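So the structure is just underneath, and the comments pick up after that.
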Amino acid sequence: MSIPAAAATATNAAPLAAAALAMATSPTSNAAITAATTANPTTTPTTRPKPPPAIHLLGGALSGMTTCIALQPLDVVKTRLQQEAAHHGTVAANAARHAGSLSALQARIAKFHALGVSGQVRVITKQIVDERGVQGLWRGTTPTILRNVPGSAFYFFFLHHLRSTFAHLPWLSRDSANMVAGATARGTAGLLFMPISVIKVRYESSAYAYTSIAGAARDIVAKEGVRGLFAGFGATAMRDVPYAGVYVALYEQLKALGNRVLLDSSPAKSTGLNMGSGVIAGTFATVLTQPFDLIKTRVQVDPHHYPNSWVAIRKIFSAEGLRGFFSGMSPRLVRKPLHAAITWTVYEEVVAIWNGGLHSIGAHHHA
């Protein structure tokens, strides 16, 4: 070996030797190792490179497509249940004004309610299949895809940007940053994609016979103006903003807790932890925001009877009581946690694959 090469080797080895000595003599060995690594530019860096924005967009888009196809039937059934409840509430109000004139229809409504939640779901599902065949359970999938795929892509992209920005704010805790970022990203996405959301809900209901998305948009604008494409945004924001804030904060806390308990970052354990955390966080957030989902559906499906959220609240409470705000919660309680769990798991896996297949739990959180 030449003298210059030997000198270079000795120079590179010096910081590592100092780190080894510090490890043997000091409890702050980790700091010594970090200092030595920094001093030696030839040492392999310990930090993982940040995923580029395109990865967050891709992960969000793939997760949105997966949930659209897998869970659309639950969304259709939920919309029809809420629509049915609205019809029953109107009948009850009319019956109160015209006593006895609607007794037969009231009896049918009472029979429907006596079925219980599972029985009502079966009846609604059978009605949909009888009317449109099995494919009727996927009615509205096209507008759902047009909303969820770019919507999810934008949501995760914007969420990543906000979390990266909030990470530099010393006065904002990690949990608070997750909650604010989730709420802001979801609220912004909801506003941008509101028109396609209105079309989607009307496709799923039985009150409209739209044959194309363009035709639906023209009909809504012709009858209600451009404002009609944003019907129910107030209720949507009241549902989505707290839902996303609570979900993201709770999801990250559950993952962190699971990571400490499991002490295992194998692919199977990581995927299972992501799914489990998503289901639990999604269930809690779904129950919390259910009344706003019902209000949103009523305003979007029947804007003439429910012109805004406040009118909808008064009419629902008057005709159906407090219980009316939880109509259709059962299929939503199945769909929404699964939707959130699948969405976040697919997104996490895309990021993990970009990171070289390393399924480090919550690694993207620091991106």
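Residue numbering restarts at 1 in every chain; chains get A, B, ... in the order shown in the structure tokens, and ligands count up from 1 in that same order.
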Name the residues of stretch 214-356 of chain A that fall into alpha helix (DSSP H) according to DSSP on the backbone, using the chain letters and numbers of this document, as a short mmCIF file (atom, residue, chain, number, x, y, z; two decimals) with C-alpha atoms, in the first residue's frame.
data_model
loop_
_atom_site.label_atom_id
_atom_site.label_comp_id
_atom_site.auth_asym_id
_atom_site.auth_seq_id
_atom_site.Cartn_x
_atom_site.Cartn_y
_atom_site.Cartn_z
CA ALA A 214 -72.13 14.70 -18.23
CA GLY A 215 -75.93 14.42 -18.43
CA ALA A 216 -76.19 14.43 -14.64
CA ALA A 217 -74.02 17.55 -14.41
CA ARG A 218 -76.09 19.35 -17.07
CA ASP A 219 -79.34 18.43 -15.34
CA ILE A 220 -78.14 19.64 -11.94
CA VAL A 221 -76.83 22.96 -13.31
CA ALA A 222 -79.99 23.52 -15.39
CA LYS A 223 -82.33 22.94 -12.42
CA GLU A 224 -80.26 24.21 -9.48
CA PHE A 233 -70.87 20.82 1.32
CA GLY A 234 -71.52 22.23 4.80
CA ALA A 235 -72.56 18.82 6.13
CA THR A 236 -69.75 17.15 4.18
CA ALA A 237 -67.19 19.45 5.77
CA MET A 238 -68.70 18.88 9.22
CA ARG A 239 -68.36 15.13 8.59
CA ASP A 240 -65.01 14.89 6.82
CA VAL A 241 -62.93 17.49 8.67
CA PRO A 242 -63.36 16.02 12.18
CA TYR A 243 -63.34 12.48 10.78
CA ALA A 244 -59.97 12.91 9.08
CA GLY A 245 -58.46 14.81 12.01
CA VAL A 246 -59.50 12.20 14.56
CA TYR A 247 -58.62 9.32 12.23
CA VAL A 248 -55.08 10.40 11.36
CA ALA A 249 -54.16 11.25 14.96
CA LEU A 250 -55.62 8.02 16.39
CA TYR A 251 -54.23 5.88 13.57
CA GLU A 252 -50.69 7.10 14.15
CA GLN A 253 -51.00 6.65 17.93
CA LEU A 254 -52.23 3.07 17.52
CA LYS A 255 -49.42 2.24 15.12
CA ALA A 256 -46.83 3.69 17.48
CA LEU A 257 -48.31 1.69 20.37
CA GLY A 258 -48.37 -1.49 18.28
CA ASN A 259 -44.78 -0.93 17.21
CA ARG A 260 -43.67 -0.72 20.84
CA VAL A 261 -45.63 -3.82 21.83
CA LEU A 262 -44.81 -6.05 18.85
CA PRO A 267 -43.89 -7.30 6.35
CA ALA A 268 -46.78 -9.44 7.68
CA LYS A 269 -46.79 -7.77 11.10
CA SER A 270 -46.55 -4.28 9.59
CA THR A 271 -49.45 -4.87 7.20
CA GLY A 272 -51.57 -6.39 9.96
CA LEU A 273 -50.81 -3.49 12.27
CA ASN A 274 -51.73 -0.96 9.58
CA MET A 275 -55.05 -2.73 8.93
CA GLY A 276 -55.88 -3.14 12.62
CA SER A 277 -55.06 0.46 13.45
CA GLY A 278 -57.12 1.62 10.47
CA VAL A 279 -60.20 -0.39 11.48
CA ILE A 280 -60.15 0.82 15.09
CA ALA A 281 -59.51 4.46 14.20
CA GLY A 282 -62.08 4.31 11.40
CA THR A 283 -64.78 2.82 13.63
CA PHE A 284 -64.39 5.51 16.27
CA ALA A 285 -64.36 8.35 13.73
CA THR A 286 -67.35 6.88 11.83
CA VAL A 287 -69.63 6.78 14.87
CA LEU A 288 -68.56 10.31 15.82
CA THR A 289 -69.47 11.78 12.43
CA GLN A 290 -72.50 9.66 11.40
CA PRO A 291 -75.16 12.40 11.87
CA PHE A 292 -73.34 14.67 9.41
CA ASP A 293 -73.17 11.89 6.81
CA LEU A 294 -76.94 11.48 7.00
CA ILE A 295 -77.52 15.25 6.67
CA LYS A 296 -75.18 15.38 3.67
CA THR A 297 -77.04 12.56 1.89
CA ARG A 298 -80.45 14.14 2.47
CA VAL A 299 -79.36 17.55 1.16
CA GLN A 300 -77.70 16.03 -1.91
CA VAL A 301 -80.48 13.59 -2.81
CA SER A 309 -78.02 21.54 6.46
CA TRP A 310 -79.90 23.53 9.12
CA VAL A 311 -83.29 22.86 7.52
CA ALA A 312 -82.33 19.19 7.22
CA ILE A 313 -81.43 18.99 10.91
CA ARG A 314 -84.78 20.47 11.96
CA LYS A 315 -86.85 18.27 9.64
CA ILE A 316 -84.99 15.06 10.48
CA PHE A 317 -85.32 15.64 14.21
CA SER A 318 -88.98 16.62 13.89
CA ALA A 319 -89.99 13.61 11.77
CA GLU A 320 -87.61 10.90 13.01
CA MET A 329 -75.04 3.70 10.10
CA SER A 330 -74.69 -0.10 9.99
CA PRO A 331 -73.46 -0.39 6.38
CA ARG A 332 -71.39 2.76 6.88
CA LEU A 333 -69.92 1.27 10.06
CA VAL A 334 -68.83 -1.72 7.99
CA ARG A 335 -67.70 0.24 4.94
CA LYS A 336 -65.96 3.28 6.42
CA PRO A 337 -63.46 1.55 8.74
CA LEU A 338 -62.66 -0.98 6.00
CA HIS A 339 -62.32 1.86 3.50
CA ALA A 340 -59.91 3.73 5.76
CA ALA A 341 -57.93 0.60 6.67
CA ILE A 342 -57.55 -0.55 3.05
CA THR A 343 -56.73 2.96 1.85
CA TRP A 344 -53.99 3.54 4.38
CA THR A 345 -52.58 0.02 4.12
CA VAL A 346 -52.26 0.23 0.33
CA TYR A 347 -50.71 3.69 0.67
CA GLU A 348 -48.23 2.48 3.32
CA GLU A 349 -47.27 -0.50 1.16
CA VAL A 350 -46.56 1.70 -1.87
CA VAL A 351 -44.27 3.86 0.25
CA ALA A 352 -42.64 0.76 1.75
CA ILE A 353 -42.00 -0.71 -1.71
CA TRP A 354 -40.39 2.54 -2.81
#
Shortest contact to A:Thr67, candidates A:Thr211, A:Thr165, A:Thr141, A:Thr188, atoms counted only C-alpha atoms, goes to A:Thr141
If you count only C-alpha atoms, the residue of A:Ala167, A:Ala61, A:Leu81, A:Leu192 closest to A:Phe326 turns out to be A:Leu81
- Near-A:Met194 list (9 Å; only C-alpha atoms; drop same-chain fewer than 5 positions) as a PyMOL selection string: chain A and resi 147+189+199+229-233+236
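Atom pair atom CA of A:Ala209 / atom CA of A:Ile69 has a distance of 21.6 Å (rounded to one decimal).
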Please provide the set of residues having any atom within 8 Å of A:Leu62, restricted to only C-alpha atoms, with same-chain residues fewer than 3 positions apart removed, written as an mmCIF file with all heavy atoms, in the first residue's frame.
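The resulting selection-v6.cif:
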data_model
loop_
_atom_site.group_PDB
_atom_site.id
_atom_site.type_symbol
_atom_site.label_atom_id
_atom_site.label_comp_id
_atom_site.auth_asym_id
_atom_site.auth_seq_id
_atom_site.Cartn_x
_atom_site.Cartn_y
_atom_site.Cartn_z
ATOM 1 N N LEU A 58 -49.109 8.391 -6.210
ATOM 2 C CA LEU A 58 -49.359 7.039 -6.688
ATOM 3 C C LEU A 58 -50.009 6.187 -5.612
ATOM 4 O O LEU A 58 -50.983 5.465 -5.874
ATOM 5 C CB LEU A 58 -48.041 6.396 -7.137
ATOM 6 C CG LEU A 58 -48.126 4.921 -7.589
ATOM 7 C CD1 LEU A 58 -49.030 4.792 -8.809
ATOM 8 C CD2 LEU A 58 -46.739 4.377 -7.877
ATOM 9 N N GLY A 59 -49.486 6.251 -4.394
ATOM 10 C CA GLY A 59 -50.072 5.474 -3.299
ATOM 11 C C GLY A 59 -51.514 5.843 -3.041
ATOM 12 O O GLY A 59 -52.372 4.982 -2.847
ATOM 13 N N MET A 65 -58.543 3.566 -5.862
ATOM 14 C CA MET A 65 -59.111 2.627 -6.821
ATOM 15 C C MET A 65 -59.506 1.309 -6.145
ATOM 16 O O MET A 65 -60.580 0.753 -6.402
ATOM 17 C CB MET A 65 -58.093 2.343 -7.926
ATOM 18 C CG MET A 65 -58.533 1.294 -8.947
ATOM 19 S SD MET A 65 -59.983 1.804 -9.914
ATOM 20 C CE MET A 65 -59.204 2.961 -11.051
ATOM 21 N N THR A 66 -58.665 0.823 -5.248
ATOM 22 C CA THR A 66 -58.937 -0.447 -4.560
ATOM 23 C C THR A 66 -60.226 -0.375 -3.753
ATOM 24 O O THR A 66 -61.078 -1.262 -3.821
ATOM 25 C CB THR A 66 -57.761 -0.810 -3.636
ATOM 26 O OG1 THR A 66 -56.558 -0.886 -4.397
ATOM 27 C CG2 THR A 66 -58.008 -2.156 -2.954
ATOM 28 N N VAL A 149 -60.238 8.302 -6.796
ATOM 29 C CA VAL A 149 -58.862 8.073 -7.244
ATOM 30 C C VAL A 149 -58.056 9.377 -7.237
ATOM 31 O O VAL A 149 -57.043 9.479 -6.545
ATOM 32 C CB VAL A 149 -58.838 7.394 -8.625
ATOM 33 C CG1 VAL A 149 -57.414 7.323 -9.155
ATOM 34 C CG2 VAL A 149 -59.424 5.977 -8.518
ATOM 35 N N VAL A 346 -52.786 0.203 1.698
ATOM 36 C CA VAL A 346 -52.257 0.231 0.332
ATOM 37 C C VAL A 346 -51.260 1.379 0.182
ATOM 38 O O VAL A 346 -50.181 1.219 -0.397
ATOM 39 C CB VAL A 346 -53.402 0.376 -0.697
ATOM 40 C CG1 VAL A 346 -52.853 0.617 -2.098
ATOM 41 C CG2 VAL A 346 -54.275 -0.877 -0.691
ATOM 42 N N TYR A 347 -51.607 2.537 0.733
ATOM 43 C CA TYR A 347 -50.708 3.687 0.667
ATOM 44 C C TYR A 347 -49.381 3.385 1.363
ATOM 45 O O TYR A 347 -48.296 3.661 0.827
ATOM 46 C CB TYR A 347 -51.388 4.895 1.313
ATOM 47 C CG TYR A 347 -50.471 6.073 1.548
ATOM 48 C CD1 TYR A 347 -50.050 6.868 0.489
ATOM 49 C CD2 TYR A 347 -50.014 6.371 2.827
ATOM 50 C CE1 TYR A 347 -49.197 7.943 0.695
ATOM 51 C CE2 TYR A 347 -49.159 7.446 3.046
ATOM 52 C CZ TYR A 347 -48.758 8.231 1.981
ATOM 53 O OH TYR A 347 -47.919 9.280 2.197
#
Excluding A:Val134 and any residue of its chain fewer than 6 positions from it, enumerate the residues within 10 Å of it, using only C-alpha atoms, and give them as an mmCIF file with all heavy atoms, in the first residue's frame.
data_model
loop_
_atom_site.group_PDB
_atom_site.id
_atom_site.type_symbol
_atom_site.label_atom_id
_atom_site.label_comp_id
_atom_site.auth_asym_id
_atom_site.auth_seq_id
_atom_site.Cartn_x
_atom_site.Cartn_y
_atom_site.Cartn_z
ATOM 1 N N PRO A 73 -70.671 -1.556 -3.169
ATOM 2 C CA PRO A 73 -71.999 -2.046 -2.773
ATOM 3 C C PRO A 73 -72.451 -1.552 -1.405
ATOM 4 O O PRO A 73 -73.632 -1.241 -1.207
ATOM 5 C CB PRO A 73 -71.813 -3.571 -2.778
ATOM 6 C CG PRO A 73 -70.746 -3.816 -3.799
ATOM 7 C CD PRO A 73 -69.793 -2.667 -3.616
ATOM 8 N N THR A 125 -81.053 -4.513 -0.193
ATOM 9 C CA THR A 125 -80.168 -5.207 -1.136
ATOM 10 C C THR A 125 -80.979 -5.982 -2.168
ATOM 11 O O THR A 125 -80.678 -5.954 -3.370
ATOM 12 C CB THR A 125 -79.226 -6.163 -0.386
ATOM 13 O OG1 THR A 125 -78.472 -5.425 0.578
ATOM 14 C CG2 THR A 125 -78.269 -6.853 -1.349
ATOM 15 N N LYS A 126 -82.038 -6.663 -1.716
ATOM 16 C CA LYS A 126 -82.904 -7.420 -2.630
ATOM 17 C C LYS A 126 -83.607 -6.488 -3.610
ATOM 18 O O LYS A 126 -83.742 -6.797 -4.803
ATOM 19 C CB LYS A 126 -83.938 -8.224 -1.845
ATOM 20 C CG LYS A 126 -84.790 -9.152 -2.706
ATOM 21 C CD LYS A 126 -85.727 -9.970 -1.833
ATOM 22 C CE LYS A 126 -86.517 -10.962 -2.688
ATOM 23 N NZ LYS A 126 -87.311 -10.316 -3.735
ATOM 24 N N ILE A 128 -82.519 -3.625 -4.739
ATOM 25 C CA ILE A 128 -81.527 -3.163 -5.723
ATOM 26 C C ILE A 128 -81.270 -4.240 -6.770
ATOM 27 O O ILE A 128 -81.243 -3.964 -7.978
ATOM 28 C CB ILE A 128 -80.216 -2.769 -5.017
ATOM 29 C CG1 ILE A 128 -80.446 -1.564 -4.098
ATOM 30 C CG2 ILE A 128 -79.117 -2.454 -6.043
ATOM 31 C CD1 ILE A 128 -79.271 -1.245 -3.200
#
Margin query: As an exercise, work out the distance from atom CA of A:Pro150 to atom CA of A:Ile55 in Å and give it to one decimal place.
Written below: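 Separation between atom CA of A:Pro150 and atom CA of A:Ile55: 13.6 Å.
Nearest-residue note for A:Ala183: choosing from A:Gly140, A:Gln83, A:Asp75, A:Phe156, the minimum distance belongs to A:Phe156, counting only C-alpha atoms.
Coordinates place atom CA of A:Arg163 at a distance of 10.7 Å from atom CA of A:Asp175.
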